[in-house]
Every structure is written in C-alpha cells, then in structure tokens.
Number of protein chains: 2
Amino acid sequence: MTTRLREETPREFAVVLGTKVEDFARVIDGDLKRNDVNVLAWFAERGLVDAFARAGDVAKRARWIHCGSAGVENVLASTVWRAHEAPISNGKGAFSASLGEFGVFACLYFAKKTNAMRRAQAERRWIREYVGMIEGKTMCVVGYGDIGAHVARRAKAMGMRVHAVRRSPEKTSAADANVERVRGFGELKDAVSEADYVVLALPATAETNKMINAEVLQAMKRSAVLVNIGRGSTVDEDALVEALREKTIAGAALDVFAVEPLPSDHAFYGMENVLMSFHCADLTEDYFDLAFDCFIQNAKNRVAGKPLTHVVDKALGY
Amino acid sequence: MTTRLREETPREFAVVLGTKVEDFARVIDGDLKRNDVNVLAWFAERGLVDAFARAGDVAKRARWIHCGSAGVENVLASTVWRAHEAPISNGKGAFSASLGEFGVFACLYFAKKTNAMRRAQAERRWIREYVGMIEGKTMCVVGYGDIGAHVARRAKAMGMRVHAVRRSPEKTSAADANVERVRGFGELKDAVSEADYVVLALPATAETNKMINAEVLQAMKRSAVLVNIGRGSTVDEDALVEALREKTIAGAALDVFAVEPLPSDHAFYGMENVLMSFHCADLTEDYFDLAFDCFIQNAKNRVAGKPLTHVVDKALGY
C-alpha cells in the first residue's frame, strides 16, 4: 500500500515510514540528519505526531506538515505543530465523494423506513408501511466546505432543496446552484428548524466544539434526522442521546463520535433510531490511494517551487 | 382519501366506489343502468376486476378502463377485459419518482455494507469495514420505461454509468443523456454481465415471465446486486434463491415477488443478502393522490374529447 509513497514521491524526498517515534531514528540521527523534515502525519495518532515533533531537532528542521485526513485537529493538538511556522496542508477533497454519497444514503436509509423493513423480514412478516421521499425535502448542510458541497450536489440532484450554514457564508460562490441559501453560524438554529435532514460536515475546532447542543437539537423538527459525517466533537452527545430517547428528533446517522472507538456501553449502540457507521463512511477501497494522491501532489508542488494546495489556517483550525 | 375522486372527477361521471361486486349493484341495475361504464380498476384485485366485468351487462357498457397502478397484468388477466375494445390506460408515471429513489437507495444499501454496520451496532462492536462507492459503477436498467428512466436519471446524477435493456431500444430518445447504451432483450446476458447493479423495472407480460432466469443470473458478476422494483413474475425466484445461496451474485433488493404477500416460509426472508421492501417502495404518503391524479386527468380528457394518456398496448401487456 505504501509502495506508492516510495515510488511516486519525488526523488528529492527520502521517504521514511514509521509507526513509532523510534522508527524515525534514521531521520533524526542517521544519514539524513541534516535534511529538512517534511511530515505526512497520519490521522488519529495524536501521541505519535506530538512525540515526533518533540524528538531530536525535528521541529527545528520541519518545513512542511501534511495531514492525511481532512481534519487536522490531531496535528494541531500538538502545541509544537500548532505554534510551528511550517505550513500544514491537509487531505481536503480526498474523501468528499465517499462522504457525499454517504450523506445522501443516510437520508434515504431513514426515509425508506429501513429498520421497519429489516425487522419485518427477520420476523417473516409481510407489511404495508408508508415510505418517505427525499425529493422535495429540505437538507441543511452545516459546515459547507468541500465535503458539505459534495453532499449538497448529490442531494440537489436527487431533488432535495439544500440550505447551508457555514462560518463564512460569503465564501460561497454565487455560481453554486446546489444550495438555495447560505447562512452564518449565528443563524444555525433558524436554519436547522426548517430542515428535514441536518447534515454535519464540520471540522473539529474550538468554535465547533459541541456546537450541536441541546438548544440546536430542540430547534429541529420532530420528524428530522441528524447526519454527522464531520467530527464527533461538534455534537453534544449527551444532549443527542436525550433528543433521540425523547424522540424530539426522528433519528441520527452517526459516522463519527467524540471518542473513537465509541465505548461499547454507550447508549448509541442500543438505539433503534441511530444508524452507526464507525467512521467507515469514507473508508473506501481506494481510501489510502486518495490520501496519498494529495501528499504526492503537494510534494511535487514543493519540488517545483509551486505553492502547496489545501494549506490550513492554524488559527481557525481547518 | 377517496373524497378527491368524488370532488374532482368531472360531473359528467357518477362516481361509485366499491370493494365487492355487490357494491356495484347501483351501477349495474339501479338508476345508472343506462350509463356508460368507466372503470378505475384498483391494483391487485384480480378477482374483483374479473367478476365485475362479468356482472350484468357491464362489459357491454364499458367504454374505458383505467388501472390505478402502472402494471396492468391484473386487468389483462381477465379475458373479458383483455378482449374488450375499450381502451385501458394506466398509472404510468405516478410512482416513477418513488421507485427511482428506491432503486438508487437499494444500490447504496449494499455498497455501504449496511448489514455489517447494523450487526456490529447490535453487538456493540466497533468495526473497520471498507465501504463501496456507487459513483463510477455501472447500473444496467432492465425495462427502460418511465420507472427505469427515473432510476437512471438519479443513478447518473450520483455518478454511475447507466446501461439499459428494453424491448424496443429504438424508442429511447437520442437526447436521453442518462443512459450510455441501450440494447434489446436479445442482448440481456451481455448487458447484465457488465453491470455492478442490475435494476429490473419490467412489466409482467408473457414475454417477461421469468426472463431473469438461472442463465441470466449466472451471467452477472459475483459482486453484482439485483434490484427488482418491477414485477416479481419477471424473476425465476428458485434460480435467484440458488444464486444468492451459492453467492454467485452478491445480493438482491426485492420489492416485488411472484406471489404477494410472500409466504412466510419463503427462503428470501431468511437470507442476509436479501433486502425485502414488501412492495412498499412506492407506497409514499401521497401514493393514492398520485394514482388519482392520473385517473382524474384522463376523466377530464374524456369529457373534453381529448385522447387518453398512457393507453396500454393490450397485445404487449404494458
């Protein structure tokens, strides 16, 4: 799988792969000790990313950090990297198509009364059950970046009306025909109150932490479904459990959780109106290839003296 | 629900509703005995449709038969109506949007490994499971009428490549950008052999009876999924059970069955790789309204002396 990294990363880079800090001894103290360090930080390994930054004089030699995932909260959790002057780029775009599909699938799962169908089949009962349509329904995408836009495009193509909420509504292109209305975070409650499906595609930042709290959930329709394909930290999970128990919302499709793996005694596992997908919604067969594409392209950009793509704003956290 | 029929059907028609042949005594022998008879035949009530045709002099007075559903096999099963000179119109188009959504949903259900997700959740197990994409995959729509076209449009919008097989490929408009290639029934096996998803939207006719037989199933990829939103009679169900048991295909989403309700001891109920939807895929909240729209519109057409829409070809059976 990592063969591609060795073969396609420009020769100017000496590729060293490791899963422990000790693996990088060659970089830190060996033949390459005078080289610049460019880090491909892999996903949720917060401890490794941080320990690596603190080892030897890596931090001093670091020139570029690339984060394989779209979310960079694990890299920024390291105070060294957060304060570092080297740019941090991310895997923006790599997983947007898979998450775009999943967002629409999650809506359909609830609309088509899939639980009732599966139960009837398991019990060998023929049923007559009304099913819903997503066509004509309203989706509110909260966090309208690349992933959110991918959900919106598909939802619109399936006949949904799409609204969006994002930190900077003004960043939405006037040419974006997929979304009818874009509002700022300040209008979140109004926006979700109109939606049949609320799809979260937010990054994990200080600002988005538990943004979907009891009040926001309370603003949703009783018939509405929450879909989270962003980050678990953006939802107050206790409040969500309460809303799902009291059925003040109809259901939730949760790909991400505040703590992953979600502990086996968590209430979500036992809830009929929760569809869990275990942070696998973007785990396609080509997942690593898609992530490597971003890194390799940026490595080529560096060699060619071109600007890096998808550089994150460390202050904003995405 | 039927209030609309009384209120919106043109005054020229005396609307009589019934669920038993005796209910129609008023029409057959009462005040309206000299009137022409126009029949809105409701769906699967084969016995009623036939008995009604044979009662009194109804058949002699019949001028128009409208079938609420898109499939007219239950009306044509009556030899009286089949041989009758009155036109038979159907509910073509009324249920195409809901079935179009369901066709795409069924593909996503299998692509996203929904069974594995549901099982893991029920067992409170966190899993890592690769999920598939429908984007880039090939769908073969067998029976490319209005329903098939609705599936195709949505599948194409979701990034799928769509091929089609239909009785009369030449009827496909050159302007139809949703489908890449349209073949006749003679090339069915070639067409399904290239598909990741085979979606059946065929009418029940003598020609389509068990058209999806062991040989056709054998031609499908082992990774392919069969979706049936047409009629159950078009599939050799014994052969399908065998294919699903031997896993020569990956799964089947079945909305329709040769016998409905499907007897509770049928193998389909117990198969993990079967998603059953109990002929509810088009049973939306507005199902009856959509069906009535067709009837009322045609009733208005008759009063206005305009041609009926969606008149079926009795010889072809659709």
# chains A, B, ... in the order shown; residues from 1 in each chain; ligands from 1
call {"tool": "interface_residues", "arguments": {"of": "chain B", "to": "chain A", "cutoff": "7 Å", "atoms": "only C-alpha atoms", "output": "CSV table (one decimal) with C-alpha atoms, in the first residue's frame"}}
result
chain,number,residue,atom,x,y,z
B,98,SER,CA,-40.5,7.0,-5.6
B,105,PHE,CA,-31.2,3.6,-2.3
B,108,LEU,CA,-26.3,2.3,-1.7
B,117,MET,CA,-22.9,-2.0,10.2
B,121,GLN,CA,-24.0,-1.9,16.2
B,122,ALA,CA,-26.4,-4.6,17.6
B,124,ARG,CA,-21.9,-3.2,20.4
B,125,ARG,CA,-18.7,-3.9,18.4
B,126,TRP,CA,-16.6,-1.1,16.8
B,127,ILE,CA,-15.5,-2.2,13.4
B,128,ARG,CA,-13.4,-1.1,10.5
B,129,GLU,CA,-15.1,-2.1,7.3
B,130,TYR,CA,-14.4,-1.0,3.7
B,131,VAL,CA,-17.4,0.6,2.1
B,132,GLY,CA,-18.1,0.8,-1.7
B,133,MET,CA,-19.0,3.7,-3.9
B,154,ARG,CA,-30.8,9.6,-10.4
B,157,ALA,CA,-26.6,12.2,-11.2
B,158,MET,CA,-24.9,10.1,-8.5
B,261,PRO,CA,-47.7,-11.4,0.2
B,262,LEU,CA,-44.7,-13.7,0.0
B,264,SER,CA,-43.7,-16.6,5.5
B,269,TYR,CA,-37.0,-13.9,4.4
B,270,GLY,CA,-34.0,-15.7,6.0
B,276,MET,CA,-37.0,-7.0,1.2
B,277,SER,CA,-39.3,-4.0,1.0
B,278,PHE,CA,-42.7,-5.7,0.7
B,280,CYS,CA,-43.8,-0.6,-0.3
B,281,ALA,CA,-41.1,1.1,-2.3
B,283,LEU,CA,-46.1,3.4,-1.0
B,284,THR,CA,-45.5,7.1,-0.2
B,285,GLU,CA,-47.9,9.2,1.8
call {"tool": "residues_around", "arguments": {"residues": "Gly143 of chain B", "least_positions_apart": "5", "cutoff": "8 Å", "atoms": "only C-alpha atoms", "output": "PyMOL selection string"}}
result
chain B and resi 148+164-167+200-203
call {"tool": "closest_atom_pairs", "arguments": {"of": "segment 120-153 of chain B", "to": "segment 168-190 of chain B", "cutoff": "10 Å", "atoms": "only C-alpha atoms", "output": "CSV"}}
result
residue,atom,partner,partner_atom,distance
B:Met139,CA,B:Val179,CA,9.5
B:Cys140,CA,B:Val179,CA,9.3
B:Val141,CA,B:Val179,CA,9.2
B:Val142,CA,B:Leu188,CA,8.0
B:Gly143,CA,B:Phe185,CA,9.1
B:Tyr144,CA,B:Thr172,CA,8.3
B:Gly145,CA,B:Thr172,CA,9.0
B:Ala149,CA,B:Asn178,CA,7.9
B:His150,CA,B:Asn178,CA,9.5
B:Val151,CA,B:Asn178,CA,9.6
B:Ala152,CA,B:Asn178,CA,6.0
B:Arg153,CA,B:Asn178,CA,5.5
call {"tool": "write_last_selection", "arguments": {"atoms": "C-alpha atoms", "output": "mmCIF file, in the first residue's frame"}}
result
data_model
loop_
_atom_site.group_PDB
_atom_site.id
_atom_site.type_symbol
_atom_site.label_atom_id
_atom_site.label_comp_id
_atom_site.auth_asym_id
_atom_site.auth_seq_id
_atom_site.Cartn_x
_atom_site.Cartn_y
_atom_site.Cartn_z
ATOM 1 C CA MET B 139 -26.009 0.089 -13.490
ATOM 2 C CA CYS B 140 -27.986 -1.916 -16.012
ATOM 3 C CA VAL B 141 -31.657 -0.982 -16.041
ATOM 4 C CA VAL B 142 -33.733 -3.798 -17.493
ATOM 5 C CA GLY B 143 -37.083 -2.429 -18.629
ATOM 6 C CA TYR B 144 -36.309 1.143 -19.571
ATOM 7 C CA GLY B 145 -39.737 2.747 -19.399
ATOM 8 C CA ALA B 149 -35.690 6.268 -16.710
ATOM 9 C CA HIS B 150 -36.337 7.726 -13.264
ATOM 10 C CA VAL B 151 -33.842 5.323 -11.731
ATOM 11 C CA ALA B 152 -31.349 6.098 -14.486
ATOM 12 C CA ARG B 153 -31.566 9.846 -14.066
#
call {"tool": "residues_around", "arguments": {"residues": "Thr138 of chain A", "least_positions_apart": "3", "cutoff": "9 Å", "atoms": "only C-alpha atoms", "output": "number ranges by chain"}}
result
A: 134-135, 160-163, 194-198
call {"tool": "write_last_selection", "arguments": {"atoms": "C-alpha atoms", "output": "PDB file, in the first residue's frame"}}
result
ATOM      1  CA  ILE A 134     -36.107  12.718  -0.066  1.00  0.00           C
ATOM      2  CA  GLU A 135     -37.166  14.506  -3.250  1.00  0.00           C
ATOM      3  CA  MET A 160     -33.800  17.936  -2.433  1.00  0.00           C
ATOM      4  CA  ARG A 161     -33.713  21.609  -1.514  1.00  0.00           C
ATOM      5  CA  VAL A 162     -30.390  22.384   0.106  1.00  0.00           C
ATOM      6  CA  HIS A 163     -29.645  25.102   2.631  1.00  0.00           C
ATOM      7  CA  GLU A 194     -36.514  24.363   8.547  1.00  0.00           C
ATOM      8  CA  ALA A 195     -34.724  21.152   7.643  1.00  0.00           C
ATOM      9  CA  ASP A 196     -35.888  17.568   7.261  1.00  0.00           C
ATOM     10  CA  TYR A 197     -32.279  16.406   7.273  1.00  0.00           C
ATOM     11  CA  VAL A 198     -29.427  18.181   9.045  1.00  0.00           C
TER      12      VAL A 198
END
call {"tool": "select_by_dssp", "arguments": {"residues": "segment 77-241 of chain B", "states": "strand (DSSP E)", "output": "number ranges by chain"}}
result
B: 88-89, 138-142, 161-165, 181-183, 197-200, 225-228
call {"tool": "atom_distance", "arguments": {"atom1": "atom CA of Leu226 of chain A", "atom2": "atom CA of Val225 of chain B"}}
result
28.5 Å
call {"tool": "select_by_dssp", "arguments": {"residues": "segment 69-233 of chain B", "states": "alpha helix (DSSP H)", "output": "number ranges by chain"}}
result
B: 73-76, 79-83, 96-111, 114-122, 146-157, 188-193, 214-219
call {"tool": "residues_around", "arguments": {"residues": "Glu73 of chain A", "least_positions_apart": "5", "cutoff": "9 Å", "atoms": "only C-alpha atoms", "output": "list in words"}}
result
Ala44, Arg46, Ser78, Pro203, Ala204, Thr205, Gly317 and Tyr318 of chain A
call {"tool": "atom_distance", "arguments": {"atom1": "atom CA of Ile212 of chain A", "atom2": "atom CA of Ala243 of chain A"}}
result
11.6 Å
call {"tool": "residues_around", "arguments": {"residues": "Ala77 of chain A", "least_positions_apart": "5", "cutoff": "9 Å", "atoms": "only C-alpha atoms", "output": "list in words"}}
result
Arg46, Asp50, Val72 and Arg82 of chain A
call {"tool": "write_last_selection", "arguments": {"atoms": "N, CA and C atoms", "output": "CSV table (one decimal), in the first residue's frame"}}
result
chain,number,residue,atom,x,y,z
A,46,ARG,N,-2.5,11.0,17.6
A,46,ARG,CA,-2.1,12.2,18.2
A,46,ARG,C,-0.8,12.1,19.0
A,50,ASP,N,2.8,14.2,18.1
A,50,ASP,CA,3.4,15.1,19.1
A,50,ASP,C,4.8,14.6,19.6
A,72,VAL,N,-7.6,18.3,10.8
A,72,VAL,CA,-6.2,18.4,11.2
A,72,VAL,C,-6.2,18.6,12.8
A,82,ARG,N,1.2,23.3,16.4
A,82,ARG,CA,0.3,24.4,16.3
A,82,ARG,C,1.1,25.8,16.2
